[in-house]
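Here the structure is laid out as structure tokens; the discussion comes afterwards.
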Amino acid sequence: MSEDSQAKKELAAIKGTKDILPGEVEIWQKAEAAARRTFELYGYRELRAPVFEATELFEKGTGETSDIVLKEMYTFTDKGGRSLTLRPEYTPSVVRAIVEHRLDLLPQPLRFYYMGPMFRYDKPQKGRYRQFHQIDIEVFGEKDPAIDAEIIEMAHSLLSSLNVTETETLVNSVGCKACRPAYHQALRAEARLKSESLCDDCRRKIDTNPLRIFDCKVETCRAVAEDFPRITDYLCAECSDHFARFRAYLDVYGLPYRVDPRLVRGLDYYTKTAFEIVTTKIGSQNAVCGGGRYDDMMKEFGGPDLCGIGFAMGMERLLSIAGIQAPPRKTLYLAYLGEEAKKAGMSLAGIFRKAGIECLVEFKDKGLKAHLGRASKTGAAWVVIVGEDELKKGRYPLKDMSSGIQTEGTPEEIMQSVKDRG
Ligand SMILES: [Zn+2]
Ligand SMILES: [Zn+2]
């Protein structure tokens with residue numbers, strides 16, 4: 001390898017990360033803007049937590065993939081000798097922020113949304129990154145199952161604004177501390193009977209976390225699990241009532257759904273509602289949104305006894321199936337001829353920008369031909385030409401680059417006609 005290509009390799013983005021360049025970033029901005037708009041229509045407010053936290057915050061107990069997350073954390077010692085971790089998920093930071101700022105004293109429920117990068121030392125594969133991005137929402141302090149239905153309706157509202165069609169909503173109830181032990185017992189008993197047909201991994205899960213058997217991707221395990229007892233047959237009165245009312249509220253929104261008894265969350269603090277929105281597009285049978293209720297989580301994190309529910313959407317996957325078009329840029333290019341015209345053009349650009357018109361002034365070119373050439377290369381929609389005569393008259397030629405038609409007007413008239421054709 002030559003010295004030069006060695007240097008280039010060293011300067012490449014780290015495996016599992018990627019640059020989002022102009023051309024692609026507009027799609028991200030559009031999705032993020034749609035998320036903000038949607039969530040705020042439902043009364044959510046953004047909460048931005050730091051990207052890194054004390055390692056023990058994540059060790060204390062993180063979300064649904066806890067053991068995996070712990071193995072995949074980006075942990076480092078800073079110059080002060082503290083162990084810090086790049087957040088592998090958002091919820092622990094939010095719980096910390098709620099406790100630290102006593103947000104639990106605010107009127108409830110608390111509705112928050114977050115978006116940003118998360119970090120996991122995962123095996124990089126197509127569409128999966130070590131720095132990945134999520135859009136999350138959480139509601140704290142609302143027990144009513146109407147909120148469970150509302151967040152699903154909100155997720156659908158966002159998805160449809162991003163032209164994500166062909167989706168299916170899967171729902172389940174995972175019970176609570178009162179009703180789950182009996183279910184676990186029944187599940188273990190059945191899994192033991194069928195253990196010969198399960199993979200090694202699943203056999204280990206029988207004693208540690210039998211619910212996780214449902215997550216196994218091995219075909220034979222899936223087939224066996226099909227006949228396992230269903231949690232919905234073991235729900236206590238409270239959970240069963242919650243589940244029934246939750247589904248009735250989904251009907252209020254006219255949202256079709258399917259009960260999937262295999263949809264489970266492995267950790268103890270998950271309670272009642274679990275759901276996923278999956279795409280049914282051929283070749284992308286994947287969850288675009290996953291969420292659920294965790295009424296015992298806050299307490300187990302050492303926080304106040306506040307029930308919670310939320311969902312997460314992975315940006316990379318979302319954008320891979322979203323039908324978003326980058327909005328066309330409408331730039332006005334300001335061409336000037338001579339030093340006086342340059343100064344006048346610079347002021348004129350200021351006026352246009354204040355009026356909300358994207359305006360580009362370049363300082364490399366002198367002649368009109370060079371200016372027009374650059375305007376065309378930059379993809380400008382219009383060119384305004386400022387020369388000495390134009391300056392005296394206070395009227396400027398406006399060239400529409402797509403039609404080639406040239407008109408003339410005062411700055412006000414130009415602004416108007418650009419806006420009319422915007
Ligand atoms: Zn229960
Ligand atoms: Zn298995």
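Residues in the structure tokens are numbered from 1 in each chain, the chains being A, B, ... in the order shown, and ligands are numbered from 1 in the order shown.
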Which residues sit within 10 Å of ligand 2, counting only C-alpha atoms and all ligand atoms, listed as a PDB file with N, CA, C and O atoms, in the first residue's frame?
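For reference, part-v9.pdb as written:
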ATOM      1  N   SER A 195     -37.793 -29.422  25.233  1.00  0.00           N
ATOM      2  CA  SER A 195     -36.418 -28.909  25.174  1.00  0.00           C
ATOM      3  C   SER A 195     -35.563 -29.610  24.124  1.00  0.00           C
ATOM      4  O   SER A 195     -34.651 -29.017  23.568  1.00  0.00           O
ATOM      5  N   SER A 197     -36.287 -30.206  21.190  1.00  0.00           N
ATOM      6  CA  SER A 197     -36.459 -29.556  19.874  1.00  0.00           C
ATOM      7  C   SER A 197     -35.952 -28.119  19.864  1.00  0.00           C
ATOM      8  O   SER A 197     -36.022 -27.451  18.835  1.00  0.00           O
ATOM      9  N   LEU A 198     -35.463 -27.639  21.015  1.00  0.00           N
ATOM     10  CA  LEU A 198     -35.005 -26.240  21.064  1.00  0.00           C
ATOM     11  C   LEU A 198     -33.500 -26.151  20.835  1.00  0.00           C
ATOM     12  O   LEU A 198     -32.762 -27.109  21.114  1.00  0.00           O
ATOM     13  N   CYS A 199     -33.039 -24.988  20.363  1.00  0.00           N
ATOM     14  CA  CYS A 199     -31.603 -24.786  20.184  1.00  0.00           C
ATOM     15  C   CYS A 199     -30.936 -24.606  21.553  1.00  0.00           C
ATOM     16  O   CYS A 199     -31.614 -24.378  22.554  1.00  0.00           O
ATOM     17  N   ASP A 200     -29.606 -24.710  21.589  1.00  0.00           N
ATOM     18  CA  ASP A 200     -28.862 -24.618  22.859  1.00  0.00           C
ATOM     19  C   ASP A 200     -29.176 -23.323  23.597  1.00  0.00           C
ATOM     20  O   ASP A 200     -29.365 -23.296  24.814  1.00  0.00           O
ATOM     21  N   ASP A 201     -29.210 -22.260  22.817  1.00  0.00           N
ATOM     22  CA  ASP A 201     -29.456 -20.941  23.379  1.00  0.00           C
ATOM     23  C   ASP A 201     -30.808 -20.913  24.102  1.00  0.00           C
ATOM     24  O   ASP A 201     -30.914 -20.452  25.241  1.00  0.00           O
ATOM     25  N   CYS A 202     -31.830 -21.439  23.437  1.00  0.00           N
ATOM     26  CA  CYS A 202     -33.168 -21.447  24.009  1.00  0.00           C
ATOM     27  C   CYS A 202     -33.226 -22.353  25.240  1.00  0.00           C
ATOM     28  O   CYS A 202     -33.929 -22.062  26.204  1.00  0.00           O
ATOM     29  N   ARG A 203     -32.497 -23.447  25.198  1.00  0.00           N
ATOM     30  CA  ARG A 203     -32.493 -24.363  26.345  1.00  0.00           C
ATOM     31  C   ARG A 203     -31.960 -23.656  27.599  1.00  0.00           C
ATOM     32  O   ARG A 203     -32.444 -23.870  28.690  1.00  0.00           O
ATOM     33  N   ARG A 204     -30.950 -22.811  27.369  1.00  0.00           N
ATOM     34  CA  ARG A 204     -30.417 -22.045  28.505  1.00  0.00           C
ATOM     35  C   ARG A 204     -31.457 -21.040  29.011  1.00  0.00           C
ATOM     36  O   ARG A 204     -31.550 -20.770  30.205  1.00  0.00           O
ATOM     37  N   LYS A 205     -32.250 -20.503  28.086  1.00  0.00           N
ATOM     38  CA  LYS A 205     -33.210 -19.460  28.459  1.00  0.00           C
ATOM     39  C   LYS A 205     -34.363 -20.017  29.294  1.00  0.00           C
ATOM     40  O   LYS A 205     -35.059 -19.255  29.972  1.00  0.00           O
ATOM     41  N   ARG A 212     -37.734 -15.013  26.443  1.00  0.00           N
ATOM     42  CA  ARG A 212     -36.807 -14.735  25.349  1.00  0.00           C
ATOM     43  C   ARG A 212     -36.813 -15.822  24.270  1.00  0.00           C
ATOM     44  O   ARG A 212     -36.312 -15.602  23.163  1.00  0.00           O
ATOM     45  N   ILE A 213     -37.351 -16.997  24.604  1.00  0.00           N
ATOM     46  CA  ILE A 213     -37.436 -18.072  23.600  1.00  0.00           C
ATOM     47  C   ILE A 213     -38.250 -17.584  22.401  1.00  0.00           C
ATOM     48  O   ILE A 213     -37.981 -17.947  21.261  1.00  0.00           O
ATOM     49  N   PHE A 214     -39.208 -16.723  22.676  1.00  0.00           N
ATOM     50  CA  PHE A 214     -40.052 -16.215  21.591  1.00  0.00           C
ATOM     51  C   PHE A 214     -39.272 -15.350  20.601  1.00  0.00           C
ATOM     52  O   PHE A 214     -39.716 -15.122  19.486  1.00  0.00           O
ATOM     53  N   ASP A 215     -38.116 -14.829  21.042  1.00  0.00           N
ATOM     54  CA  ASP A 215     -37.317 -13.986  20.153  1.00  0.00           C
ATOM     55  C   ASP A 215     -36.414 -14.783  19.234  1.00  0.00           C
ATOM     56  O   ASP A 215     -35.813 -14.236  18.321  1.00  0.00           O
ATOM     57  N   CYS A 216     -36.267 -16.091  19.510  1.00  0.00           N
ATOM     58  CA  CYS A 216     -35.309 -16.905  18.751  1.00  0.00           C
ATOM     59  C   CYS A 216     -35.705 -16.951  17.279  1.00  0.00           C
ATOM     60  O   CYS A 216     -36.868 -17.065  16.924  1.00  0.00           O
ATOM     61  N   LYS A 217     -34.665 -16.808  16.429  1.00  0.00           N
ATOM     62  CA  LYS A 217     -34.931 -16.751  14.986  1.00  0.00           C
ATOM     63  C   LYS A 217     -34.859 -18.147  14.352  1.00  0.00           C
ATOM     64  O   LYS A 217     -35.197 -18.311  13.176  1.00  0.00           O
ATOM     65  N   VAL A 218     -34.379 -19.140  15.132  1.00  0.00           N
ATOM     66  CA  VAL A 218     -34.244 -20.496  14.577  1.00  0.00           C
ATOM     67  C   VAL A 218     -35.638 -21.043  14.254  1.00  0.00           C
ATOM     68  O   VAL A 218     -36.544 -21.001  15.095  1.00  0.00           O
ATOM     69  N   GLU A 219     -35.776 -21.562  13.049  1.00  0.00           N
ATOM     70  CA  GLU A 219     -37.087 -21.972  12.547  1.00  0.00           C
ATOM     71  C   GLU A 219     -37.753 -23.020  13.438  1.00  0.00           C
ATOM     72  O   GLU A 219     -38.942 -22.910  13.759  1.00  0.00           O
ATOM     73  N   THR A 220     -36.978 -24.041  13.864  1.00  0.00           N
ATOM     74  CA  THR A 220     -37.579 -25.096  14.695  1.00  0.00           C
ATOM     75  C   THR A 220     -38.048 -24.525  16.038  1.00  0.00           C
ATOM     76  O   THR A 220     -39.096 -24.908  16.548  1.00  0.00           O
ATOM     77  N   CYS A 221     -37.271 -23.609  16.610  1.00  0.00           N
ATOM     78  CA  CYS A 221     -37.663 -22.980  17.878  1.00  0.00           C
ATOM     79  C   CYS A 221     -38.961 -22.190  17.698  1.00  0.00           C
ATOM     80  O   CYS A 221     -39.851 -22.238  18.548  1.00  0.00           O
ATOM     81  N   ARG A 222     -39.046 -21.509  16.577  1.00  0.00           N
ATOM     82  CA  ARG A 222     -40.253 -20.718  16.322  1.00  0.00           C
ATOM     83  C   ARG A 222     -41.478 -21.615  16.210  1.00  0.00           C
ATOM     84  O   ARG A 222     -42.548 -21.302  16.728  1.00  0.00           O
ATOM     85  N   ALA A 223     -41.282 -22.741  15.536  1.00  0.00           N
ATOM     86  CA  ALA A 223     -42.395 -23.677  15.355  1.00  0.00           C
ATOM     87  C   ALA A 223     -42.840 -24.246  16.701  1.00  0.00           C
ATOM     88  O   ALA A 223     -44.040 -24.333  16.992  1.00  0.00           O
ATOM     89  N   VAL A 224     -41.859 -24.613  17.544  1.00  0.00           N
ATOM     90  CA  VAL A 224     -42.184 -25.158  18.862  1.00  0.00           C
ATOM     91  C   VAL A 224     -42.904 -24.102  19.713  1.00  0.00           C
ATOM     92  O   VAL A 224     -43.922 -24.375  20.360  1.00  0.00           O
ATOM     93  N   ALA A 225     -42.372 -22.877  19.665  1.00  0.00           N
ATOM     94  CA  ALA A 225     -42.924 -21.808  20.497  1.00  0.00           C
ATOM     95  C   ALA A 225     -44.354 -21.447  20.103  1.00  0.00           C
ATOM     96  O   ALA A 225     -45.110 -20.896  20.901  1.00  0.00           O
TER      97      ALA A 225
END
Mind listing the helix (DSSP H, G or I) residues of segment 194-372 of chain A, per DSSP on the backbone, as a short mmCIF file (atom, residue, chain, number, x, y, z; two decimals) with N, CA and C atoms, in the first residue's frame?
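Writing the result to selection-v1.cif gives the following:
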data_model
loop_
_atom_site.label_atom_id
_atom_site.label_comp_id
_atom_site.auth_asym_id
_atom_site.auth_seq_id
_atom_site.Cartn_x
_atom_site.Cartn_y
_atom_site.Cartn_z
N SER A 195 -37.79 -29.42 25.23
CA SER A 195 -36.42 -28.91 25.17
C SER A 195 -35.56 -29.61 24.12
N GLU A 196 -35.90 -30.87 23.82
CA GLU A 196 -35.14 -31.61 22.79
C GLU A 196 -35.18 -30.89 21.44
N SER A 197 -36.29 -30.21 21.19
CA SER A 197 -36.46 -29.56 19.87
C SER A 197 -35.95 -28.12 19.86
N ASP A 200 -29.61 -24.71 21.59
CA ASP A 200 -28.86 -24.62 22.86
C ASP A 200 -29.18 -23.32 23.60
N ASP A 201 -29.21 -22.26 22.82
CA ASP A 201 -29.46 -20.94 23.38
C ASP A 201 -30.81 -20.91 24.10
N CYS A 202 -31.83 -21.44 23.44
CA CYS A 202 -33.17 -21.45 24.01
C CYS A 202 -33.23 -22.35 25.24
N ARG A 203 -32.50 -23.45 25.20
CA ARG A 203 -32.49 -24.36 26.35
C ARG A 203 -31.96 -23.66 27.60
N ARG A 204 -30.95 -22.81 27.37
CA ARG A 204 -30.42 -22.05 28.51
C ARG A 204 -31.46 -21.04 29.01
N LYS A 205 -32.25 -20.50 28.09
CA LYS A 205 -33.21 -19.46 28.46
C LYS A 205 -34.36 -20.02 29.29
N ILE A 206 -34.57 -21.35 29.23
CA ILE A 206 -35.70 -21.93 29.96
C ILE A 206 -35.65 -21.51 31.43
N ASP A 207 -34.44 -21.57 32.01
CA ASP A 207 -34.32 -21.22 33.42
C ASP A 207 -34.09 -19.73 33.65
N THR A 208 -33.33 -19.09 32.75
CA THR A 208 -33.01 -17.68 32.99
C THR A 208 -34.13 -16.73 32.58
N PRO A 210 -37.40 -17.37 30.16
CA PRO A 210 -38.13 -18.16 29.15
C PRO A 210 -38.85 -17.32 28.09
N LEU A 211 -39.22 -16.09 28.45
CA LEU A 211 -39.90 -15.24 27.47
C LEU A 211 -39.05 -15.02 26.22
N ARG A 212 -37.73 -15.01 26.44
CA ARG A 212 -36.81 -14.73 25.35
C ARG A 212 -36.81 -15.82 24.27
N ILE A 213 -37.35 -17.00 24.60
CA ILE A 213 -37.44 -18.07 23.60
C ILE A 213 -38.25 -17.58 22.40
N PHE A 214 -39.21 -16.72 22.68
CA PHE A 214 -40.05 -16.21 21.59
C PHE A 214 -39.27 -15.35 20.60
N ASP A 215 -38.12 -14.83 21.04
CA ASP A 215 -37.32 -13.99 20.15
C ASP A 215 -36.41 -14.78 19.23
N GLU A 219 -35.78 -21.56 13.05
CA GLU A 219 -37.09 -21.97 12.55
C GLU A 219 -37.75 -23.02 13.44
N THR A 220 -36.98 -24.04 13.86
CA THR A 220 -37.58 -25.10 14.70
C THR A 220 -38.05 -24.52 16.04
N CYS A 221 -37.27 -23.61 16.61
CA CYS A 221 -37.66 -22.98 17.88
C CYS A 221 -38.96 -22.19 17.70
N ARG A 222 -39.05 -21.51 16.58
CA ARG A 222 -40.25 -20.72 16.32
C ARG A 222 -41.48 -21.62 16.21
N ALA A 223 -41.28 -22.74 15.54
CA ALA A 223 -42.40 -23.68 15.35
C ALA A 223 -42.84 -24.25 16.70
N VAL A 224 -41.86 -24.61 17.54
CA VAL A 224 -42.18 -25.16 18.86
C VAL A 224 -42.90 -24.10 19.71
N ALA A 225 -42.37 -22.88 19.66
CA ALA A 225 -42.92 -21.81 20.50
C ALA A 225 -44.35 -21.45 20.10
N GLU A 226 -44.70 -21.77 18.88
CA GLU A 226 -46.05 -21.50 18.38
C GLU A 226 -47.12 -22.10 19.30
N ILE A 231 -49.45 -15.73 27.15
CA ILE A 231 -49.55 -14.87 28.33
C ILE A 231 -50.96 -14.32 28.48
N THR A 232 -51.62 -14.07 27.35
CA THR A 232 -52.95 -13.47 27.43
C THR A 232 -53.96 -14.39 28.14
N ASP A 233 -53.63 -15.69 28.24
CA ASP A 233 -54.50 -16.60 28.99
C ASP A 233 -54.21 -16.57 30.49
N ALA A 237 -56.82 -9.80 36.57
CA ALA A 237 -58.01 -9.00 36.22
C ALA A 237 -57.61 -7.60 35.75
N GLU A 238 -56.64 -7.00 36.45
CA GLU A 238 -56.24 -5.63 36.10
C GLU A 238 -55.61 -5.59 34.71
N CYS A 239 -54.69 -6.52 34.44
CA CYS A 239 -54.00 -6.53 33.14
C CYS A 239 -54.97 -6.85 32.02
N SER A 240 -55.87 -7.77 32.30
CA SER A 240 -56.79 -8.18 31.26
C SER A 240 -57.78 -7.06 30.93
N ASP A 241 -58.18 -6.32 31.96
CA ASP A 241 -59.05 -5.16 31.75
C ASP A 241 -58.31 -4.08 30.95
N HIS A 242 -57.05 -3.85 31.31
CA HIS A 242 -56.23 -2.85 30.61
C HIS A 242 -56.10 -3.22 29.13
N PHE A 243 -55.85 -4.50 28.88
CA PHE A 243 -55.64 -4.98 27.50
C PHE A 243 -56.92 -4.80 26.68
N ALA A 244 -58.06 -5.13 27.30
CA ALA A 244 -59.34 -5.01 26.59
C ALA A 244 -59.66 -3.55 26.28
N ARG A 245 -59.44 -2.69 27.26
CA ARG A 245 -59.74 -1.27 27.04
C ARG A 245 -58.78 -0.66 26.02
N PHE A 246 -57.51 -1.05 26.11
CA PHE A 246 -56.51 -0.59 25.14
C PHE A 246 -56.97 -0.89 23.71
N ARG A 247 -57.44 -2.11 23.51
CA ARG A 247 -57.87 -2.50 22.16
C ARG A 247 -59.14 -1.76 21.74
N ALA A 248 -60.00 -1.51 22.72
CA ALA A 248 -61.22 -0.75 22.40
C ALA A 248 -60.85 0.67 21.96
N TYR A 249 -59.80 1.25 22.60
CA TYR A 249 -59.37 2.60 22.20
C TYR A 249 -58.71 2.59 20.82
N LEU A 250 -58.03 1.49 20.49
CA LEU A 250 -57.47 1.40 19.13
C LEU A 250 -58.61 1.43 18.11
N ASP A 251 -59.71 0.78 18.47
CA ASP A 251 -60.89 0.79 17.59
C ASP A 251 -61.45 2.20 17.43
N VAL A 252 -61.38 2.99 18.51
CA VAL A 252 -61.85 4.37 18.42
C VAL A 252 -61.09 5.11 17.32
N MET A 297 -40.43 0.51 35.81
CA MET A 297 -39.05 0.82 35.47
C MET A 297 -38.46 1.95 36.29
N MET A 298 -39.20 3.05 36.37
CA MET A 298 -38.70 4.23 37.05
C MET A 298 -38.28 3.90 38.48
N LYS A 299 -39.13 3.13 39.15
CA LYS A 299 -38.86 2.73 40.53
C LYS A 299 -37.59 1.87 40.58
N GLU A 300 -37.47 0.96 39.64
CA GLU A 300 -36.31 0.07 39.65
C GLU A 300 -35.02 0.79 39.29
N MET A 315 -33.97 5.39 12.90
CA MET A 315 -33.95 6.29 11.74
C MET A 315 -33.48 5.61 10.46
N GLU A 316 -32.39 4.82 10.59
CA GLU A 316 -31.82 4.22 9.38
C GLU A 316 -32.84 3.32 8.69
N ARG A 317 -33.53 2.51 9.50
CA ARG A 317 -34.53 1.62 8.90
C ARG A 317 -35.73 2.42 8.38
N LEU A 318 -36.14 3.38 9.16
CA LEU A 318 -37.27 4.23 8.77
C LEU A 318 -37.02 4.88 7.41
N LEU A 319 -35.82 5.47 7.27
CA LEU A 319 -35.52 6.17 6.02
C LEU A 319 -35.38 5.22 4.84
N SER A 320 -35.02 3.95 5.14
CA SER A 320 -34.86 3.00 4.05
C SER A 320 -36.21 2.61 3.44
N ILE A 321 -37.29 2.82 4.19
CA ILE A 321 -38.60 2.46 3.64
C ILE A 321 -39.51 3.67 3.45
N GLU A 339 -17.11 46.43 -9.16
CA GLU A 339 -16.98 46.56 -7.71
C GLU A 339 -18.20 47.22 -7.06
N GLU A 340 -18.71 48.29 -7.71
CA GLU A 340 -19.88 48.98 -7.15
C GLU A 340 -21.08 48.04 -7.10
N ALA A 341 -21.26 47.32 -8.22
CA ALA A 341 -22.38 46.39 -8.32
C ALA A 341 -22.22 45.25 -7.31
N LYS A 342 -20.97 44.86 -7.04
CA LYS A 342 -20.72 43.80 -6.05
C LYS A 342 -21.26 44.23 -4.68
N LYS A 343 -20.90 45.48 -4.30
CA LYS A 343 -21.34 45.99 -2.99
C LYS A 343 -22.87 46.10 -2.95
N ALA A 344 -23.45 46.60 -4.04
CA ALA A 344 -24.90 46.73 -4.10
C ALA A 344 -25.55 45.34 -4.04
N GLY A 345 -24.95 44.41 -4.75
CA GLY A 345 -25.46 43.03 -4.76
C GLY A 345 -25.43 42.41 -3.38
N MET A 346 -24.36 42.69 -2.62
CA MET A 346 -24.26 42.14 -1.27
C MET A 346 -25.40 42.66 -0.39
N SER A 347 -25.73 43.97 -0.55
CA SER A 347 -26.85 44.51 0.26
C SER A 347 -28.17 43.94 -0.21
N LEU A 348 -28.30 43.84 -1.54
CA LEU A 348 -29.54 43.31 -2.11
C LEU A 348 -29.79 41.87 -1.60
N ALA A 349 -28.71 41.09 -1.54
CA ALA A 349 -28.83 39.70 -1.06
C ALA A 349 -29.38 39.69 0.36
N GLY A 350 -28.93 40.67 1.16
CA GLY A 350 -29.42 40.76 2.54
C GLY A 350 -30.92 40.97 2.57
N ILE A 351 -31.40 41.81 1.68
CA ILE A 351 -32.85 42.10 1.62
C ILE A 351 -33.62 40.84 1.21
N PHE A 352 -33.10 40.15 0.19
CA PHE A 352 -33.77 38.92 -0.26
C PHE A 352 -33.80 37.87 0.86
N ARG A 353 -32.69 37.71 1.57
CA ARG A 353 -32.62 36.69 2.62
C ARG A 353 -33.60 37.01 3.75
N LYS A 354 -33.70 38.30 4.08
CA LYS A 354 -34.66 38.68 5.13
C LYS A 354 -36.07 38.29 4.73
N LEU A 368 -20.13 38.37 -16.84
CA LEU A 368 -21.50 37.85 -16.79
C LEU A 368 -21.55 36.38 -17.18
N LYS A 369 -20.76 36.02 -18.20
CA LYS A 369 -20.78 34.64 -18.68
C LYS A 369 -20.32 33.68 -17.57
N ALA A 370 -19.24 34.10 -16.88
CA ALA A 370 -18.72 33.27 -15.79
C ALA A 370 -19.77 33.12 -14.68
N HIS A 371 -20.44 34.24 -14.37
CA HIS A 371 -21.49 34.21 -13.33
C HIS A 371 -22.62 33.26 -13.72
N LEU A 372 -23.07 33.38 -14.97
CA LEU A 372 -24.18 32.53 -15.42
C LEU A 372 -23.77 31.06 -15.42
#
Between chain A and ligand 1, at 7 Å or less, what are the per-residue closest atom pairs and their distances in Å? Count only C-alpha atoms and all ligand atoms, order by chain and rising residue number, and return it as a Markdown table.
| residue | atom | partner | partner_atom_place_in_ligand_line | distance |
| --- | --- | --- | --- | --- |
| A:Gly175 | CA | ligand 1 | 1 (Zn) | 4.4 |
| A:Cys176 | CA | ligand 1 | 1 (Zn) | 4.0 |
| A:Lys177 | CA | ligand 1 | 1 (Zn) | 6.3 |
| A:Ala178 | CA | ligand 1 | 1 (Zn) | 5.1 |
| A:Cys179 | CA | ligand 1 | 1 (Zn) | 4.4 |
| A:Arg180 | CA | ligand 1 | 1 (Zn) | 6.8 |
| A:Leu235 | CA | ligand 1 | 1 (Zn) | 5.2 |
| A:Cys236 | CA | ligand 1 | 1 (Zn) | 4.2 |
| A:Ala237 | CA | ligand 1 | 1 (Zn) | 6.8 |
| A:Glu238 | CA | ligand 1 | 1 (Zn) | 5.8 |
| A:Cys239 | CA | ligand 1 | 1 (Zn) | 4.3 |
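The shell of residues at most 10 Å from Leu398 of chain A, with only C-alpha atoms counted and near chain neighbours (fewer than 5 positions) removed, consists of Leu332, Tyr333, Leu334, Trp382, Val383, Val384, Ile385, Val386, Gly404, Ile405, Gln406, Thr407, Glu408, Gly409, Thr410, Pro411, Glu413, Ile414, Ser417 and Val418 of chain A.
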- Task: Taking the chain letters and numbering used in this document, name the residues of segment 32-238 of chain A that DSSP puts in strand (DSSP E or B), as a ChimeraX atom specification.
- Result: /A:45-46,52-54,74-77,83-86,110-119,125,128,131-140,167-173
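Among the candidates A:Leu162, A:Ile151, A:Leu106, A:Leu84, the residue lying nearest to Ala33 of chain A is A:Leu162 (atoms considered: only C-alpha atoms).
Of the listed residues (A:Gly303, A:Pro109, A:Gly254, A:Gly394), A:Gly303 comes nearest to Val94 of chain A; the distances count only C-alpha atoms.
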